[in-house]
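Student: Sharing entry-v2.txt, compact mmCIF, N, CA and C atoms and all ligand atoms:
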```txt
# COMPACT_ATOMS: atom_id res chain seq x y z
N MET A 1 155.99 109.98 100.53
CA MET A 1 156.30 111.26 101.15
C MET A 1 157.66 111.75 100.68
N SER A 2 157.72 113.00 100.37
CA SER A 2 158.96 113.55 99.83
C SER A 2 159.76 114.28 100.90
N ASP A 3 161.07 114.25 100.74
CA ASP A 3 161.94 114.99 101.65
C ASP A 3 162.18 116.41 101.17
N SER A 4 161.57 116.75 100.03
CA SER A 4 161.91 118.03 99.42
C SER A 4 161.53 119.21 100.31
N ASN A 5 160.49 119.04 101.14
CA ASN A 5 160.12 120.14 102.03
C ASN A 5 161.23 120.47 103.03
N GLN A 6 162.01 119.43 103.37
CA GLN A 6 163.04 119.66 104.38
C GLN A 6 164.34 120.18 103.78
N ALA A 7 164.45 120.14 102.46
CA ALA A 7 165.67 120.62 101.83
C ALA A 7 165.84 122.10 102.11
N GLY A 8 167.02 122.48 102.52
CA GLY A 8 167.29 123.89 102.76
C GLY A 8 166.90 124.36 104.15
N GLN A 9 166.19 123.50 104.90
CA GLN A 9 165.85 123.94 106.26
C GLN A 9 167.08 123.82 107.15
N GLU A 10 167.26 124.83 107.98
CA GLU A 10 168.41 124.80 108.88
C GLU A 10 168.12 123.87 110.04
N LYS A 11 169.10 123.09 110.36
CA LYS A 11 168.97 122.27 111.55
C LYS A 11 169.37 123.11 112.74
N THR A 12 168.47 123.28 113.69
CA THR A 12 168.79 124.08 114.86
C THR A 12 168.82 123.18 116.08
N THR A 13 170.00 122.97 116.57
CA THR A 13 170.15 122.20 117.80
C THR A 13 170.15 123.17 118.96
N PRO A 14 169.25 122.98 119.93
CA PRO A 14 169.23 123.91 121.06
C PRO A 14 170.57 123.90 121.78
N LYS A 15 171.04 125.10 122.13
CA LYS A 15 172.33 125.20 122.79
C LYS A 15 172.21 124.64 124.21
N LYS A 16 173.12 123.75 124.53
CA LYS A 16 173.06 123.13 125.86
C LYS A 16 173.55 124.12 126.90
N LYS A 17 172.75 124.26 127.94
CA LYS A 17 173.14 125.17 129.01
C LYS A 17 174.21 124.54 129.88
N SER A 18 175.14 125.36 130.32
CA SER A 18 176.14 124.86 131.26
C SER A 18 175.47 124.52 132.58
N LYS A 19 175.98 123.52 133.26
CA LYS A 19 175.40 123.19 134.57
C LYS A 19 175.74 124.27 135.60
N TYR A 20 176.63 125.18 135.23
CA TYR A 20 176.96 126.30 136.12
C TYR A 20 176.23 127.58 135.73
N ASP A 21 175.27 127.44 134.84
CA ASP A 21 174.46 128.60 134.46
C ASP A 21 173.27 128.68 135.41
N PHE A 22 173.32 129.65 136.32
CA PHE A 22 172.28 129.76 137.33
C PHE A 22 171.32 130.90 137.03
N THR A 23 171.13 131.15 135.75
CA THR A 23 170.11 132.11 135.38
C THR A 23 168.76 131.39 135.37
N ASP A 24 167.73 132.07 135.03
CA ASP A 24 166.37 131.54 135.07
C ASP A 24 166.05 131.04 136.48
N ASP A 25 165.42 129.89 136.58
CA ASP A 25 165.02 129.40 137.90
C ASP A 25 166.00 128.36 138.44
N ASN A 26 167.14 128.27 137.83
CA ASN A 26 168.11 127.26 138.20
C ASN A 26 168.98 127.75 139.37
N LEU A 27 168.60 127.40 140.59
CA LEU A 27 169.34 127.87 141.76
C LEU A 27 170.58 127.03 142.00
N PRO A 28 171.67 127.66 142.46
CA PRO A 28 172.91 126.91 142.68
C PRO A 28 172.91 126.05 143.93
N LEU A 29 172.03 126.39 144.88
CA LEU A 29 172.08 125.73 146.19
C LEU A 29 170.70 125.28 146.64
N GLU A 30 170.70 124.19 147.40
CA GLU A 30 169.51 123.83 148.18
C GLU A 30 169.84 124.14 149.63
N ILE A 31 168.96 124.86 150.27
CA ILE A 31 169.20 125.25 151.66
C ILE A 31 168.06 124.70 152.52
N ASN A 32 168.43 123.89 153.48
CA ASN A 32 167.43 123.33 154.39
C ASN A 32 167.18 124.34 155.51
N LEU A 33 166.18 125.18 155.30
CA LEU A 33 165.94 126.26 156.25
C LEU A 33 165.40 125.76 157.59
N SER A 34 164.89 124.53 157.62
CA SER A 34 164.40 124.03 158.91
C SER A 34 165.56 123.70 159.85
N TRP A 35 166.75 123.54 159.30
CA TRP A 35 167.93 123.32 160.15
C TRP A 35 168.68 124.63 160.43
N CYS A 36 168.38 125.66 159.68
CA CYS A 36 169.16 126.91 159.74
C CYS A 36 168.85 127.67 161.03
N LYS A 37 169.94 128.11 161.71
CA LYS A 37 169.76 128.89 162.93
C LYS A 37 170.07 130.36 162.71
N ALA A 38 170.12 130.78 161.46
CA ALA A 38 170.31 132.19 161.11
C ALA A 38 171.59 132.76 161.72
N CYS A 39 172.68 131.99 161.63
CA CYS A 39 173.93 132.44 162.23
C CYS A 39 174.65 133.48 161.37
N ASN A 40 174.25 133.59 160.11
CA ASN A 40 174.79 134.62 159.21
C ASN A 40 176.15 134.25 158.57
N ILE A 41 176.68 133.08 158.93
CA ILE A 41 178.02 132.74 158.43
C ILE A 41 178.04 132.67 156.91
N CYS A 42 177.08 131.98 156.32
CA CYS A 42 177.09 131.84 154.85
C CYS A 42 176.93 133.19 154.17
N ILE A 43 176.08 134.02 154.73
CA ILE A 43 175.83 135.34 154.13
C ILE A 43 177.10 136.18 154.20
N ALA A 44 177.79 136.13 155.33
CA ALA A 44 178.99 136.94 155.51
C ALA A 44 180.17 136.42 154.69
N MET A 45 180.26 135.12 154.51
CA MET A 45 181.45 134.56 153.88
C MET A 45 181.38 134.44 152.36
N CYS A 46 180.22 134.50 151.79
CA CYS A 46 180.12 134.31 150.33
C CYS A 46 180.87 135.43 149.61
N PRO A 47 181.90 135.09 148.84
CA PRO A 47 182.67 136.13 148.16
C PRO A 47 181.89 136.81 147.03
N GLN A 48 180.83 136.16 146.58
CA GLN A 48 180.03 136.72 145.49
C GLN A 48 178.79 137.47 146.00
N GLN A 49 178.61 137.44 147.30
CA GLN A 49 177.47 138.12 147.94
C GLN A 49 176.14 137.74 147.29
N ILE A 50 175.92 136.44 147.18
CA ILE A 50 174.68 136.03 146.52
C ILE A 50 173.48 135.99 147.47
N PHE A 51 173.75 136.06 148.77
CA PHE A 51 172.64 135.97 149.73
C PHE A 51 172.22 137.33 150.27
N GLU A 52 170.94 137.40 150.61
CA GLU A 52 170.41 138.47 151.47
C GLU A 52 169.68 137.74 152.59
N PRO A 53 169.70 138.29 153.79
CA PRO A 53 168.94 137.65 154.87
C PRO A 53 167.44 137.94 154.73
N ASP A 54 166.62 136.94 155.06
CA ASP A 54 165.19 137.23 155.12
C ASP A 54 164.92 137.90 156.48
N ARG A 55 163.68 138.16 156.82
CA ARG A 55 163.43 138.93 158.04
C ARG A 55 163.79 138.17 159.30
N ASP A 56 163.99 136.85 159.17
CA ASP A 56 164.44 136.06 160.32
C ASP A 56 165.96 135.85 160.30
N GLY A 57 166.63 136.42 159.32
CA GLY A 57 168.09 136.31 159.24
C GLY A 57 168.59 135.10 158.48
N ARG A 58 167.68 134.38 157.86
CA ARG A 58 168.10 133.19 157.12
C ARG A 58 168.40 133.55 155.67
N PRO A 59 169.32 132.81 155.03
CA PRO A 59 169.79 133.22 153.70
C PRO A 59 168.77 133.00 152.58
N VAL A 60 168.69 133.99 151.72
CA VAL A 60 167.89 133.90 150.50
C VAL A 60 168.85 134.11 149.32
N GLN A 61 168.73 133.28 148.32
CA GLN A 61 169.63 133.39 147.15
C GLN A 61 169.08 134.48 146.23
N THR A 62 169.58 135.69 146.43
CA THR A 62 169.05 136.82 145.65
C THR A 62 169.86 137.10 144.39
N ARG A 63 171.10 136.63 144.34
CA ARG A 63 171.91 136.81 143.13
C ARG A 63 172.50 135.46 142.70
N PRO A 64 171.65 134.49 142.43
CA PRO A 64 172.14 133.13 142.15
C PRO A 64 173.05 133.04 140.93
N ALA A 65 172.86 133.91 139.97
CA ALA A 65 173.67 133.82 138.75
C ALA A 65 175.14 134.08 139.01
N ASP A 66 175.46 134.71 140.15
CA ASP A 66 176.86 135.03 140.45
C ASP A 66 177.58 133.91 141.22
N CYS A 67 176.88 132.86 141.58
CA CYS A 67 177.51 131.79 142.36
C CYS A 67 178.55 131.06 141.52
N THR A 68 179.73 130.89 142.09
CA THR A 68 180.82 130.20 141.40
C THR A 68 181.02 128.77 141.92
N GLN A 69 180.14 128.33 142.81
CA GLN A 69 180.28 126.99 143.42
C GLN A 69 181.63 126.86 144.12
N CYS A 70 182.03 127.92 144.80
CA CYS A 70 183.35 127.93 145.45
C CYS A 70 183.41 127.02 146.67
N THR A 71 182.29 126.59 147.19
CA THR A 71 182.14 125.65 148.32
C THR A 71 182.13 126.32 149.70
N ILE A 72 182.49 127.59 149.77
CA ILE A 72 182.68 128.23 151.08
C ILE A 72 181.43 128.13 151.96
N CYS A 73 180.27 128.41 151.38
CA CYS A 73 179.06 128.45 152.23
C CYS A 73 178.72 127.09 152.79
N TRP A 74 178.78 126.05 151.96
CA TRP A 74 178.36 124.75 152.52
C TRP A 74 179.44 124.13 153.39
N VAL A 75 180.70 124.45 153.16
CA VAL A 75 181.76 123.93 154.03
C VAL A 75 181.69 124.58 155.41
N HIS A 76 181.29 125.85 155.48
CA HIS A 76 181.31 126.57 156.75
C HIS A 76 179.97 126.58 157.48
N CYS A 77 178.92 126.14 156.85
CA CYS A 77 177.64 126.12 157.57
C CYS A 77 177.74 125.11 158.71
N PRO A 78 177.58 125.56 159.96
CA PRO A 78 177.75 124.64 161.09
C PRO A 78 176.65 123.59 161.20
N ASP A 79 175.55 123.81 160.51
CA ASP A 79 174.42 122.90 160.63
C ASP A 79 174.14 122.10 159.37
N PHE A 80 175.08 122.13 158.45
CA PHE A 80 174.99 121.31 157.22
C PHE A 80 173.69 121.55 156.45
N CYS A 81 173.29 122.82 156.41
CA CYS A 81 172.01 123.17 155.75
C CYS A 81 172.13 123.27 154.23
N ILE A 82 173.36 123.48 153.74
CA ILE A 82 173.51 123.87 152.34
C ILE A 82 174.16 122.76 151.53
N ILE A 83 173.55 122.45 150.40
CA ILE A 83 174.20 121.56 149.44
C ILE A 83 174.09 122.18 148.05
N SER A 84 175.00 121.78 147.19
CA SER A 84 174.98 122.27 145.82
C SER A 84 173.90 121.54 145.03
N THR A 85 173.35 122.21 144.05
CA THR A 85 172.40 121.55 143.14
C THR A 85 173.12 120.97 141.92
N VAL A 86 174.42 121.25 141.81
CA VAL A 86 175.18 120.77 140.66
C VAL A 86 175.56 119.31 140.88
N LYS A 87 175.17 118.47 139.93
CA LYS A 87 175.47 117.05 140.06
C LYS A 87 176.72 116.72 139.26
S1 LIG A 101 179.25 128.36 146.63
FE1 LIG A 101 180.54 130.17 146.99
S2 LIG A 101 179.79 131.72 145.55
FE2 LIG A 101 178.20 130.13 145.71
S3 LIG A 101 176.83 130.89 147.31
FE3 LIG A 101 178.31 129.53 148.30
S4 LIG A 101 179.93 130.89 149.01
FE4 LIG A 101 178.73 132.02 147.50
S1 LIG A 102 175.60 129.16 157.74
FE1 LIG A 102 173.97 127.58 157.79
S2 LIG A 102 172.95 127.90 159.78
FE2 LIG A 102 174.14 129.75 159.35
S3 LIG A 102 172.71 131.15 158.30
FE3 LIG A 102 173.79 129.97 156.70
S4 LIG A 102 172.45 128.21 156.26
FE4 LIG A 102 171.81 129.07 158.24
```
I'd like the structure from this file rewritten - as structure tokens, please.
Tutor:
Amino acid sequence: MSDSNQAGQEKTTPKKKSKYDFTDDNLPLEINLSWCKACNICIAMCPQQIFEPDRDGRPVQTRPADCTQCTICWVHCPDFCIISTVK
């Protein structure tokens, strides 16, 4: 087998996504909605306004790409519903 077919072919290494890239389906947070009492604290305090309330007042991540992992929402949630997905 000859290597000549591979001569001149560009090696394309897929660009590694940042772990802080929350585009596509990569959500920044896991929210345990069964513990959530819809107090609105996370929605009100997020400086990036990434949440919208659902019809029961619980947070939905509607602008996940804007999350900066600032910690405010999970530090202030009184019921410990929110954790980061960033490892
Ligand atoms: S970590 Fe900060 S920016 Fe991200 S959702 Fe929570 S409060 Fe908003
Ligand atoms: S701060 Fe916690 S309990 Fe309150 S709405 Fe957000 S997730 Fe639910």
Student: Is there a way to get, as a PyMOL selection string, all residues within 12 Å of the point (172.8, 137.2, 150.6) in file coordinates, counting only C-alpha atoms?
Tutor: chain A and resi 38+40-54+57-64+66-67+73
Student: Have a look at A:Cys70, A:Ile83, A:Ala65, A:Cys77 and name the one nearest to A:Glu30; count only C-alpha atoms.
Tutor: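 Checking each of A:Cys70, A:Ile83, A:Ala65, A:Cys77 against A:Glu30, counting only C-alpha atoms, the winner is A:Ile83.
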Student: Determine, counting only N, CA and C atoms, every residue of protein, DNA or RNA that lies within 8 Å of (167.9, 123.2, 144.1) in the file coordinates, then give the result as a list in words.
Tutor: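 Using only N, CA and C atoms, the matching residues come out as Asp25, Asn26, Leu27, Pro28, Leu29, Glu30, Ile31, Ile83, Ser84, Thr85 and Val86 of chain A.
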Student: Residues of the last selection are to be written out with N, CA and C atoms, as a compact mmCIF listing (two decimals), keeping the file's coordinate frame.
Tutor:
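The resulting file, out_12.txt, is reproduced below:
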```txt
# COMPACT_ATOMS: atom_id res chain seq x y z
N ASP A 25 165.42 129.89 136.58
CA ASP A 25 165.02 129.40 137.90
C ASP A 25 166.00 128.36 138.44
N ASN A 26 167.14 128.27 137.83
CA ASN A 26 168.11 127.26 138.20
C ASN A 26 168.98 127.75 139.37
N LEU A 27 168.60 127.40 140.59
CA LEU A 27 169.34 127.87 141.76
C LEU A 27 170.58 127.03 142.00
N PRO A 28 171.67 127.66 142.46
CA PRO A 28 172.91 126.91 142.68
C PRO A 28 172.91 126.05 143.93
N LEU A 29 172.03 126.39 144.88
CA LEU A 29 172.08 125.73 146.19
C LEU A 29 170.70 125.28 146.64
N GLU A 30 170.70 124.19 147.40
CA GLU A 30 169.51 123.83 148.18
C GLU A 30 169.84 124.14 149.63
N ILE A 31 168.96 124.86 150.27
CA ILE A 31 169.20 125.25 151.66
C ILE A 31 168.06 124.70 152.52
N ILE A 83 173.55 122.45 150.40
CA ILE A 83 174.20 121.56 149.44
C ILE A 83 174.09 122.18 148.05
N SER A 84 175.00 121.78 147.19
CA SER A 84 174.98 122.27 145.82
C SER A 84 173.90 121.54 145.03
N THR A 85 173.35 122.21 144.05
CA THR A 85 172.40 121.55 143.14
C THR A 85 173.12 120.97 141.92
N VAL A 86 174.42 121.25 141.81
CA VAL A 86 175.18 120.77 140.66
C VAL A 86 175.56 119.31 140.88
```
Student: Enumerate the residues of stretch 27-74 of chain A with a DSSP assignment of helix (DSSP H, G or I), computed from the backbone, and present them as a count of residues only.
Tutor: 11
Student: Going by DSSP on the backbone, which residues of chain A come out as strand (DSSP E)? List them as a CSV table (one decimal) with N, CA and C atoms, in the frame of the given file.
Tutor:
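Result saved to selection31.csv:
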```csv
chain,number,residue,atom,x,y,z
A,29,LEU,N,172.0,126.4,144.9
A,29,LEU,CA,172.1,125.7,146.2
A,29,LEU,C,170.7,125.3,146.6
A,30,GLU,N,170.7,124.2,147.4
A,30,GLU,CA,169.5,123.8,148.2
A,30,GLU,C,169.8,124.1,149.6
A,31,ILE,N,169.0,124.9,150.3
A,31,ILE,CA,169.2,125.2,151.7
A,31,ILE,C,168.1,124.7,152.5
A,51,PHE,N,173.8,136.1,148.8
A,51,PHE,CA,172.6,136.0,149.7
A,51,PHE,C,172.2,137.3,150.3
A,52,GLU,N,170.9,137.4,150.6
A,52,GLU,CA,170.4,138.5,151.5
A,52,GLU,C,169.7,137.7,152.6
A,53,PRO,N,169.7,138.3,153.8
A,53,PRO,CA,168.9,137.6,154.9
A,53,PRO,C,167.4,137.9,154.7
A,59,PRO,N,169.3,132.8,155.0
A,59,PRO,CA,169.8,133.2,153.7
A,59,PRO,C,168.8,133.0,152.6
A,60,VAL,N,168.7,134.0,151.7
A,60,VAL,CA,167.9,133.9,150.5
A,60,VAL,C,168.8,134.1,149.3
A,61,GLN,N,168.7,133.3,148.3
A,61,GLN,CA,169.6,133.4,147.2
A,61,GLN,C,169.1,134.5,146.2
A,82,ILE,N,173.4,123.5,153.7
A,82,ILE,CA,173.5,123.9,152.3
A,82,ILE,C,174.2,122.8,151.5
A,83,ILE,N,173.6,122.4,150.4
A,83,ILE,CA,174.2,121.6,149.4
A,83,ILE,C,174.1,122.2,148.0
A,84,SER,N,175.0,121.8,147.2
A,84,SER,CA,175.0,122.3,145.8
A,84,SER,C,173.9,121.5,145.0
```
Student: Please measure the separation of atom N of A:Cys39 and atom FE3 of ligand LIG 101 (chain A), giving the value in Å to one decimal.
Tutor: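 Separation of atom N of A:Cys39 and atom FE3 of ligand LIG 101 (chain A): 14.7 Å.
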Student: State, in Å with one decimal place, the distance from atom CA of A:Lys37 to atom CA of A:Val75.
Tutor: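 Pair atom CA of A:Lys37 / atom CA of A:Val75 returns 15.7 Å.
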Student: Counting only C-alpha atoms and all ligand atoms, which residue out of A:Thr23, A:Ser18, A:Thr71, A:Thr12 sits closest to ligand LIG 102 (chain A)?
Tutor: A:Thr71
Student: Mind giving me the straight-line distance from atom S3 of ligand LIG 102 (chain A) to atom C of A:Thr68 in Å, one decimal?
Tutor: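 So the answer is 18.5 Å.
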Student: May I have the centre and edge lengths, in Å to one decimal, of an axis-aligned box around the listed atoms of ligand LIG 102 (chain A) with 4 Å added to every side, as JSON?
Tutor:
```
{"center_x": 173.7, "center_y": 129.4, "center_z": 158.0, "size_x": 11.8, "size_y": 11.6, "size_z": 11.5}
```
Student: Kindly indicate which residue among A:Lys16, A:Ser34, A:Phe22, A:Ile72 lies nearest to ligand LIG 101 (chain A), using all atoms listed in the file for the distances.
Tutor: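 Going through A:Lys16, A:Ser34, A:Phe22, A:Ile72 one by one, the smallest distance to ligand LIG 101 (chain A) is for A:Ile72.
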Student: Got a sec: who's within 10 Å of A:Asn32, counting only C-alpha atoms, leaving out chain neighbours fewer than 6 positions off, as an MDAnalysis selection string?
Tutor: chainID A and resid 79:83
